[in-house]
Number of protein chains: 2
Amino acid sequence: MTAVEKLETICWLGDAQGRLRLIDQTRLPETLEYRDCEDVESVWEAIKQLRVRGAPAIGIAAAYGVCLGLRTVKDADRTRFFERLREVTEYLAGSRPTAVNLFWALDRMGRRAETLRETAAPPEILAALLDEARAIHEEDRRMCHAIGRHGAALLGDQTGVLTHCNAGGLATAEYGTALSVFFTAQDEGKQLHVYVDETRPLLQGARLTAWELQQRGIDATLICDSMAAQVMRERRVQAVMTGADRIAANGDTANKIGTYSLAVLAAAHGIPFFVAAPTNTFDPQLPSGDAIPIEQRDPREITHGLGRQTAPDGIDVYNPAFDVTPAEYITAIITERGVIRPVSRETVASMLGEHRV
Amino acid sequence: MTAVEKLETICWLGDAQGRLRLIDQTRLPETLEYRDCEDVESVWEAIKQLRVRGAPAIGIAAAYGVCLGLRTVKDADRTRFFERLREVTEYLAGSRPTAVNLFWALDRMGRRAETLRETAAPPEILAALLDEARAIHEEDRRMCHAIGRHGAALLGDQTGVLTHCNAGGLATAEYGTALSVFFTAQDEGKQLHVYVDETRPLLQGARLTAWELQQRGIDATLICDSMAAQVMRERRVQAVMTGADRIAANGDTANKIGTYSLAVLAAAHGIPFFVAAPTNTFDPQLPSGDAIPIEQRDPREITHGLGRQTAPDGIDVYNPAFDVTPAEYITAIITERGVIRPVSRETVASMLGEHRV
């Protein structure tokens with residue numbers, strides 16, 4: 001096993017009788033521990049407990065989870081097999097009820113099975129479903145690598161880059177989105193120095209991104225979110241690169257809280273601000289970011305999130321999960337199909353449209 | 001004891017045989033606990049262990065500490081009394097070696113004693129020193145109230161204000177600097193809503209400012225530092241108000257890391273950015289903020305500061321203690337003598353100079 005293989009967030013070991021191996025992300029950064037899932041219940045638990053996280057990674061894990069759930073009925077009749085498929089799908093869909101990629105992956109698995117309902121026996125359908133899960137997995141991997149290639153072309157050698165939250169391999173099949181750009185630049189021989197926002201309140205930057213960069217041997221420096229402006233002022237970074245949760249038709253981008261702050265600060269310091277995201281992150285039905293409701297999260301993430309109480313009892317807390325960065329602050333959006341630059345309704349439509357056949 | 005008296009950071013109880021009572025700030029926000037010091041050793045320990053913190057508060061505590069240290073020799077001869085004075089002063093100076101106000105207060109106490117060396121007996125000198133400590137205490141209190149009055153005039157009713165770190169009563173004799181403005185505005189019947197940056201890494205905002213505002217009955221909402229831009233974008237605040245550690249002759253202001261970020265974000269959102277600080281925070285010998293070296297603090301404040309490890313072992317960390325906000329981002333500086341607005345070398349010199357007689 002090479003160092004890179006060892007960092008695979010998700011992998012399937014063996015044939016149809018094999019098992020799903022996940023990095024248990026709740027143990028990071030203290031411990032790199034794998035969790036093997038041999039039944040659908042353990043996949044459900046891993047998604048529920050955030051052992052596997054990040055929209056693409058959840059979708060991939062769930063697709064494999066469907067296969068694990070069907071193994072017990074592969075010798076049953078067709079009716080029982082499809083009944084179990086429905087049960088397993090509904091069960092997995094309940095693990096993280098707001099994860100769009102989860103539903104997308106489960107839906108795709110169901111459709112694949114339907115195409116074979118009349119022509120194949122359950123063992124063959126199960127084999128086809130494992131192939132489908134592997135295809136979802138492989139497509140995500142290819143998408144991340146393509147984002148990495150397009151993005152790396154935007155970064156010179158000896159560049160300082162600032163990132164926020166975790167848009168890394170841990171959230172995807174491999175390499176991630178923003179971090180894929182860094183990994184690819186490194187593969188191409190470029191020397192980067194990445195400044196990592198710790199990303200309060202849940203510290204995905206400190207816990208996950210810092211760890212991923214360290215594992216890959218990329219120079220990384222951890223900072224508190226409030227230090228980003230000072231890092232820019234000292235000219236330690238020449239670019240900011242983040243991921244995205246959802247992008248509107250005009251390019252307005254929802255991402256982890258704190259992203260908008262970085263975009264405004266980057267503009268004030270004359271530093272380009274890049275977003276790296278696959279085209280399936282775009283929501284063409286959404287005219288602008290104004291239509292995105294801002295989810296409020298549990299106040300205890302801020303007051304009690306770090307092993308001890310850090311604020312007085314009863315204090316009011318504002319805890320938006322993400323913010324929306326207006327398109328005018330975004331220098332370019334890096335997708336698997338290419339780079340959208342400048343970012344506008346027209347350039348977004350052009351990138352999304354020209355590949356819709 | 002009224003509610004306000006109960007919040008006195010420092011108070012002297014009784015006469016020359018009395019004792020120094022401090023709020024133990026290491027126990028906040030969980031517990032409001034007082035610590036009574038009856039000897040110089042316990043004052044030293046309280047400063048060393050950050051039970052009392054904030055430059056003005058440390059100076060005041062040390063001044064009273066000198067009196068406590070001299071009590072044991074008040075009936076000794078003059079030579080022994082002054083020998084002990086030197087011992088006590090050197091001992092207290094070692095408690096927080098970088099605290100400017102500490103040296104200033106000890107020096108002032110020493111000078112007061114010297115003026116009486118030939119004319120008074122030790123018990124009388126000790127009484128005069130207790131008066132001097134009370135004068136330092138009272139001057140700080142008056143300075144804070146004057147800052148509050150000048151600053152409150154800048155805030156309208158029904159105003160949202162954002163603050164950072166703790167520039168409150170806990171750092172001074174009473175009322176503080178930035179927080180004094182809020183307390184005074186409240187006393188004047190204005191309704192404020194204060195957004196409080198938690199202020200990573202040491203969380204003075206979450207632990208101390210949120211608590212002070214809550215104790216005084218001011219509407220307060222705690223946020224993570226990365227949320228300030230979003231709070232501004234949503235027009236929840238109409239002003240930003242912070243304290244200062246050190247101000248250069250041209251108005252460039254060093255303050256807790258994250259302050260510069262807020263100033264840039266405020267400018268981008270068209271929101272005024274105010275600094276509240278006594279004139280003794282100015283360093284007229286310092287031509288601009290460029291000359292201020294940025295102190296680096298222990299990486300463990302970021303990686304281990306909150307009760308558990310939150311970043312991988314061995315990760316590089318950048319942990320500047322403060323940043324420098326250029327004068328052009330500062331709408332006004334509020335001092336005990338009045339408001340400097342606009343902020344420039346000339347207006348600063350004018351405010352400092354016209355009171356130098």
# chains A, B, ... in the order shown; residues from 1 in each chain; ligands from 1
call {"tool": "interface_residues", "arguments": {"of": "chain A", "to": "chain B", "cutoff": "6 Å", "atoms": "only C-alpha atoms", "output": "number ranges by chain"}}
result
A: 29, 206-207, 211, 221-223, 225-227, 229, 258, 261, 306-308, 310-312, 316-318
call {"tool": "write_last_selection", "arguments": {"atoms": "N, CA, C and O atoms", "output": "short mmCIF file (atom, residue, chain, number, x, y, z; two decimals), in the first residue's frame"}}
result
data_model
loop_
_atom_site.label_atom_id
_atom_site.label_comp_id
_atom_site.auth_asym_id
_atom_site.auth_seq_id
_atom_site.Cartn_x
_atom_site.Cartn_y
_atom_site.Cartn_z
N PRO A 29 -7.63 14.61 14.03
CA PRO A 29 -6.30 14.27 13.51
C PRO A 29 -5.48 13.37 14.45
O PRO A 29 -4.38 13.01 14.10
N ALA A 206 -8.48 22.92 10.88
CA ALA A 206 -7.44 22.46 11.82
C ALA A 206 -7.40 20.93 11.88
O ALA A 206 -6.33 20.32 11.89
N ARG A 207 -8.58 20.32 11.92
CA ARG A 207 -8.62 18.88 12.15
C ARG A 207 -8.34 18.08 10.87
O ARG A 207 -7.68 17.05 10.92
N TRP A 211 -4.31 18.18 8.44
CA TRP A 211 -3.87 16.78 8.45
C TRP A 211 -3.62 16.26 7.03
O TRP A 211 -2.60 15.63 6.76
N THR A 221 0.58 25.85 7.12
CA THR A 221 0.63 26.61 8.37
C THR A 221 -0.80 26.88 8.82
O THR A 221 -1.61 27.40 8.06
N LEU A 222 -1.08 26.50 10.04
CA LEU A 222 -2.42 26.68 10.60
C LEU A 222 -2.55 28.07 11.22
O LEU A 222 -1.65 28.54 11.91
N ILE A 223 -3.68 28.73 10.94
CA ILE A 223 -3.96 30.03 11.57
C ILE A 223 -5.40 30.04 12.09
O ILE A 223 -6.22 29.21 11.68
N ASP A 225 -9.05 31.93 12.08
CA ASP A 225 -9.76 32.62 11.00
C ASP A 225 -9.49 34.13 11.03
O ASP A 225 -9.42 34.77 9.99
N SER A 226 -9.35 34.68 12.23
CA SER A 226 -9.17 36.13 12.38
C SER A 226 -7.80 36.61 11.92
O SER A 226 -7.55 37.81 11.86
N MET A 227 -6.90 35.67 11.60
CA MET A 227 -5.53 36.04 11.21
C MET A 227 -5.36 36.15 9.70
O MET A 227 -4.30 36.57 9.21
N ALA A 229 -6.55 38.15 7.43
CA ALA A 229 -6.28 39.50 6.90
C ALA A 229 -4.81 39.86 7.11
O ALA A 229 -4.17 40.43 6.23
N GLY A 258 -17.52 32.14 6.80
CA GLY A 258 -16.16 32.65 6.81
C GLY A 258 -15.60 32.83 5.40
O GLY A 258 -14.63 33.56 5.20
N SER A 261 -16.10 36.44 4.14
CA SER A 261 -15.11 37.30 4.78
C SER A 261 -13.78 37.26 4.02
O SER A 261 -13.18 38.29 3.70
N LEU A 306 -15.64 22.61 22.14
CA LEU A 306 -14.23 22.24 22.12
C LEU A 306 -13.77 21.56 23.39
O LEU A 306 -12.65 21.74 23.83
N GLY A 307 -14.65 20.82 24.00
CA GLY A 307 -14.22 20.07 25.16
C GLY A 307 -14.47 20.79 26.47
O GLY A 307 -14.36 20.21 27.52
N ARG A 308 -14.77 22.09 26.40
CA ARG A 308 -15.15 22.79 27.62
C ARG A 308 -16.08 23.95 27.26
O ARG A 308 -16.14 24.38 26.11
N THR A 310 -17.04 27.63 26.87
CA THR A 310 -16.19 28.80 26.63
C THR A 310 -17.00 30.09 26.59
O THR A 310 -16.47 31.13 26.17
N ALA A 311 -18.25 30.07 27.01
CA ALA A 311 -19.07 31.29 27.03
C ALA A 311 -20.08 31.15 28.16
O ALA A 311 -20.38 30.04 28.59
N PRO A 312 -20.59 32.29 28.66
CA PRO A 312 -21.49 32.20 29.81
C PRO A 312 -22.81 31.50 29.46
O PRO A 312 -23.27 31.56 28.33
N ASP A 316 -26.87 34.68 24.08
CA ASP A 316 -27.44 34.53 22.74
C ASP A 316 -26.30 34.26 21.75
O ASP A 316 -25.20 34.82 21.89
N VAL A 317 -26.56 33.40 20.78
CA VAL A 317 -25.53 33.01 19.80
C VAL A 317 -26.11 33.09 18.40
O VAL A 317 -27.26 32.71 18.17
N TYR A 318 -25.32 33.59 17.47
CA TYR A 318 -25.67 33.57 16.04
C TYR A 318 -24.69 32.61 15.38
O TYR A 318 -23.48 32.81 15.46
#
call {"tool": "residues_around", "arguments": {"residues": "Glu132 (chain A)", "least_positions_apart": "4", "cutoff": "12 Å", "atoms": "only C-alpha atoms", "output": "list in words"}}
result
Ile60, Ala62, Ala63, Tyr64, Gly65, Val66, Cys67, Ala105, Leu106, Asp107, Arg108, Met109, Gly110, Arg111, Arg112, Ala113, Ile125, Leu126, Ala127, Ala128, Ile136, His137, Glu138 and Glu139 of chain A
call {"tool": "select_by_dssp", "arguments": {"residues": "region 28-166 of chain A", "states": "strand (DSSP E)", "output": "count of residues only"}}
result
9
call {"tool": "select_by_dssp", "arguments": {"residues": "region 30-228 of chain B", "states": "helix (DSSP H, G or I)", "output": "JSON, numbers by chain"}}
result
{"B": [40, 41, 42, 43, 44, 45, 46, 47, 48, 55, 56, 57, 58, 59, 60, 61, 62, 63, 64, 65, 66, 67, 68, 69, 70, 71, 72, 73, 78, 79, 80, 81, 82, 83, 84, 85, 86, 87, 88, 89, 90, 91, 92, 93, 100, 101, 102, 103, 104, 105, 106, 107, 108, 109, 110, 111, 112, 113, 114, 115, 116, 122, 123, 124, 125, 126, 127, 128, 129, 130, 131, 132, 133, 134, 135, 136, 137, 138, 139, 140, 141, 142, 143, 144, 145, 146, 147, 148, 149, 150, 151, 152, 169, 170, 171, 178, 179, 180, 181, 182, 183, 184, 185, 186, 187, 204, 205, 206, 207, 208, 209, 210, 211, 212, 213, 214, 215, 225, 226, 227, 228]}
call {"tool": "residues_around", "arguments": {"residues": "Arg19 (chain B)", "least_positions_apart": "2", "cutoff": "10 Å", "atoms": "only C-alpha atoms", "output": "NGL selection string"}}
result
:B and (11-17 or 21-22 or 36-39 or 64-65 or 67-68)
call {"tool": "write_last_selection", "arguments": {"atoms": "N, CA, C and O atoms", "output": "PDB file, in the first residue's frame"}}
result
ATOM      1  N   CYS B  11     -11.032  45.904  44.121  1.00  0.00           N
ATOM      2  CA  CYS B  11     -11.364  46.902  45.125  1.00  0.00           C
ATOM      3  C   CYS B  11     -10.543  46.670  46.392  1.00  0.00           C
ATOM      4  O   CYS B  11     -10.092  45.559  46.684  1.00  0.00           O
ATOM      5  N   TRP B  12     -10.299  47.756  47.097  1.00  0.00           N
ATOM      6  CA  TRP B  12      -9.573  47.708  48.359  1.00  0.00           C
ATOM      7  C   TRP B  12     -10.602  47.783  49.462  1.00  0.00           C
ATOM      8  O   TRP B  12     -11.442  48.695  49.489  1.00  0.00           O
ATOM      9  N   LEU B  13     -10.565  46.814  50.367  1.00  0.00           N
ATOM     10  CA  LEU B  13     -11.535  46.770  51.459  1.00  0.00           C
ATOM     11  C   LEU B  13     -10.853  47.213  52.743  1.00  0.00           C
ATOM     12  O   LEU B  13      -9.840  46.633  53.144  1.00  0.00           O
ATOM     13  N   GLY B  14     -11.386  48.244  53.358  1.00  0.00           N
ATOM     14  CA  GLY B  14     -10.847  48.658  54.657  1.00  0.00           C
ATOM     15  C   GLY B  14      -9.782  49.730  54.549  1.00  0.00           C
ATOM     16  O   GLY B  14      -9.609  50.362  53.507  1.00  0.00           O
ATOM     17  N   ASP B  15      -9.057  49.914  55.655  1.00  0.00           N
ATOM     18  CA  ASP B  15      -8.023  50.953  55.728  1.00  0.00           C
ATOM     19  C   ASP B  15      -6.668  50.353  55.372  1.00  0.00           C
ATOM     20  O   ASP B  15      -6.595  49.382  54.622  1.00  0.00           O
ATOM     21  N   ALA B  16      -5.608  50.945  55.938  1.00  0.00           N
ATOM     22  CA  ALA B  16      -4.265  50.464  55.615  1.00  0.00           C
ATOM     23  C   ALA B  16      -4.074  49.006  56.043  1.00  0.00           C
ATOM     24  O   ALA B  16      -3.215  48.292  55.525  1.00  0.00           O
ATOM     25  N   GLN B  17      -4.888  48.530  56.976  1.00  0.00           N
ATOM     26  CA  GLN B  17      -4.829  47.120  57.385  1.00  0.00           C
ATOM     27  C   GLN B  17      -5.811  46.261  56.584  1.00  0.00           C
ATOM     28  O   GLN B  17      -6.040  45.096  56.924  1.00  0.00           O
ATOM     29  N   ARG B  21      -9.344  42.948  46.996  1.00  0.00           N
ATOM     30  CA  ARG B  21     -10.271  41.927  46.483  1.00  0.00           C
ATOM     31  C   ARG B  21     -10.304  41.995  44.950  1.00  0.00           C
ATOM     32  O   ARG B  21     -10.537  43.060  44.368  1.00  0.00           O
ATOM     33  N   LEU B  22     -10.091  40.856  44.303  1.00  0.00           N
ATOM     34  CA  LEU B  22     -10.066  40.766  42.835  1.00  0.00           C
ATOM     35  C   LEU B  22     -11.122  39.777  42.358  1.00  0.00           C
ATOM     36  O   LEU B  22     -11.357  38.758  43.020  1.00  0.00           O
ATOM     37  N   ASP B  36      -9.333  37.285  47.704  1.00  0.00           N
ATOM     38  CA  ASP B  36      -8.817  38.329  48.588  1.00  0.00           C
ATOM     39  C   ASP B  36      -7.323  38.140  48.781  1.00  0.00           C
ATOM     40  O   ASP B  36      -6.866  37.038  49.099  1.00  0.00           O
ATOM     41  N   CYS B  37      -6.577  39.230  48.577  1.00  0.00           N
ATOM     42  CA  CYS B  37      -5.123  39.175  48.741  1.00  0.00           C
ATOM     43  C   CYS B  37      -4.756  39.957  49.997  1.00  0.00           C
ATOM     44  O   CYS B  37      -5.071  41.140  50.106  1.00  0.00           O
ATOM     45  N   GLU B  38      -4.067  39.303  50.919  1.00  0.00           N
ATOM     46  CA  GLU B  38      -3.653  39.979  52.153  1.00  0.00           C
ATOM     47  C   GLU B  38      -2.140  40.098  52.248  1.00  0.00           C
ATOM     48  O   GLU B  38      -1.618  40.630  53.220  1.00  0.00           O
ATOM     49  N   ASP B  39      -1.438  39.585  51.226  1.00  0.00           N
ATOM     50  CA  ASP B  39       0.018  39.754  51.200  1.00  0.00           C
ATOM     51  C   ASP B  39       0.463  39.923  49.748  1.00  0.00           C
ATOM     52  O   ASP B  39      -0.297  39.656  48.820  1.00  0.00           O
ATOM     53  N   TYR B  64      -1.535  48.377  44.740  1.00  0.00           N
ATOM     54  CA  TYR B  64      -2.027  47.916  46.049  1.00  0.00           C
ATOM     55  C   TYR B  64      -1.099  46.838  46.615  1.00  0.00           C
ATOM     56  O   TYR B  64      -0.899  46.740  47.831  1.00  0.00           O
ATOM     57  N   GLY B  65      -0.543  46.016  45.717  1.00  0.00           N
ATOM     58  CA  GLY B  65       0.371  44.958  46.147  1.00  0.00           C
ATOM     59  C   GLY B  65       1.589  45.513  46.876  1.00  0.00           C
ATOM     60  O   GLY B  65       2.073  44.912  47.844  1.00  0.00           O
ATOM     61  N   CYS B  67       1.633  48.113  48.773  1.00  0.00           N
ATOM     62  CA  CYS B  67       1.185  48.423  50.145  1.00  0.00           C
ATOM     63  C   CYS B  67       1.130  47.158  50.993  1.00  0.00           C
ATOM     64  O   CYS B  67       1.578  47.145  52.147  1.00  0.00           O
ATOM     65  N   LEU B  68       0.596  46.089  50.412  1.00  0.00           N
ATOM     66  CA  LEU B  68       0.514  44.834  51.167  1.00  0.00           C
ATOM     67  C   LEU B  68       1.909  44.334  51.538  1.00  0.00           C
ATOM     68  O   LEU B  68       2.137  43.848  52.652  1.00  0.00           O
TER      69      LEU B  68
END
call {"tool": "closest_residue", "arguments": {"among": "A:Ile330, A:Ala55, A:Ala249, A:Ala46", "to": "Gly168 (chain A)", "atoms": "only C-alpha atoms"}}
result
A:Ala55
call {"tool": "atom_distance", "arguments": {"atom1": "CA of Pro272 (chain B)", "atom2": "CA of Ala153 (chain B)"}}
result
14.0 Å
call {"tool": "atom_distance", "arguments": {"atom1": "CA of Tyr34 (chain A)", "atom2": "CA of Thr89 (chain A)"}}
result
24.3 Å
call {"tool": "closest_residue", "arguments": {"among": "B:Gly251, B:Pro326, B:Gly353, B:Gly338", "to": "Arg149 (chain B)", "atoms": "only C-alpha atoms"}}
result
B:Gly338
call {"tool": "closest_residue", "arguments": {"among": "A:Gly156, A:Gly94, A:Gly217, A:Pro278", "to": "Asp140 (chain A)", "atoms": "only C-alpha atoms"}}
result
A:Pro278
call {"tool": "closest_atom_pairs", "arguments": {"of": "region 101-182 of chain B", "to": "region 189-193 of chain B", "cutoff": "6 Å", "atoms": "only C-alpha atoms", "output": "tab-separated table"}}
result
residue	atom	partner	partner_atom	distance
B:Asp157	CA	B:Lys190	CA	4.7
B:Gln158	CA	B:Gln191	CA	4.9
B:Thr159	CA	B:Leu192	CA	5.0
B:Gly160	CA	B:His193	CA	4.7
call {"tool": "residues_around", "arguments": {"residues": "Asn250 (chain A)", "least_positions_apart": "5", "cutoff": "8 Å", "atoms": "only C-alpha atoms", "output": "list of chain:residue names"}}
result
A:Pro287, A:Ser288, A:Ala327, A:Val343, A:Ser344, A:Arg345, A:Glu346, A:Val348
call {"tool": "closest_residue", "arguments": {"among": "A:Thr177, A:Arg78, A:Ala135, A:Ala332", "to": "Thr253 (chain A)", "atoms": "only C-alpha atoms"}}
result
A:Ala332
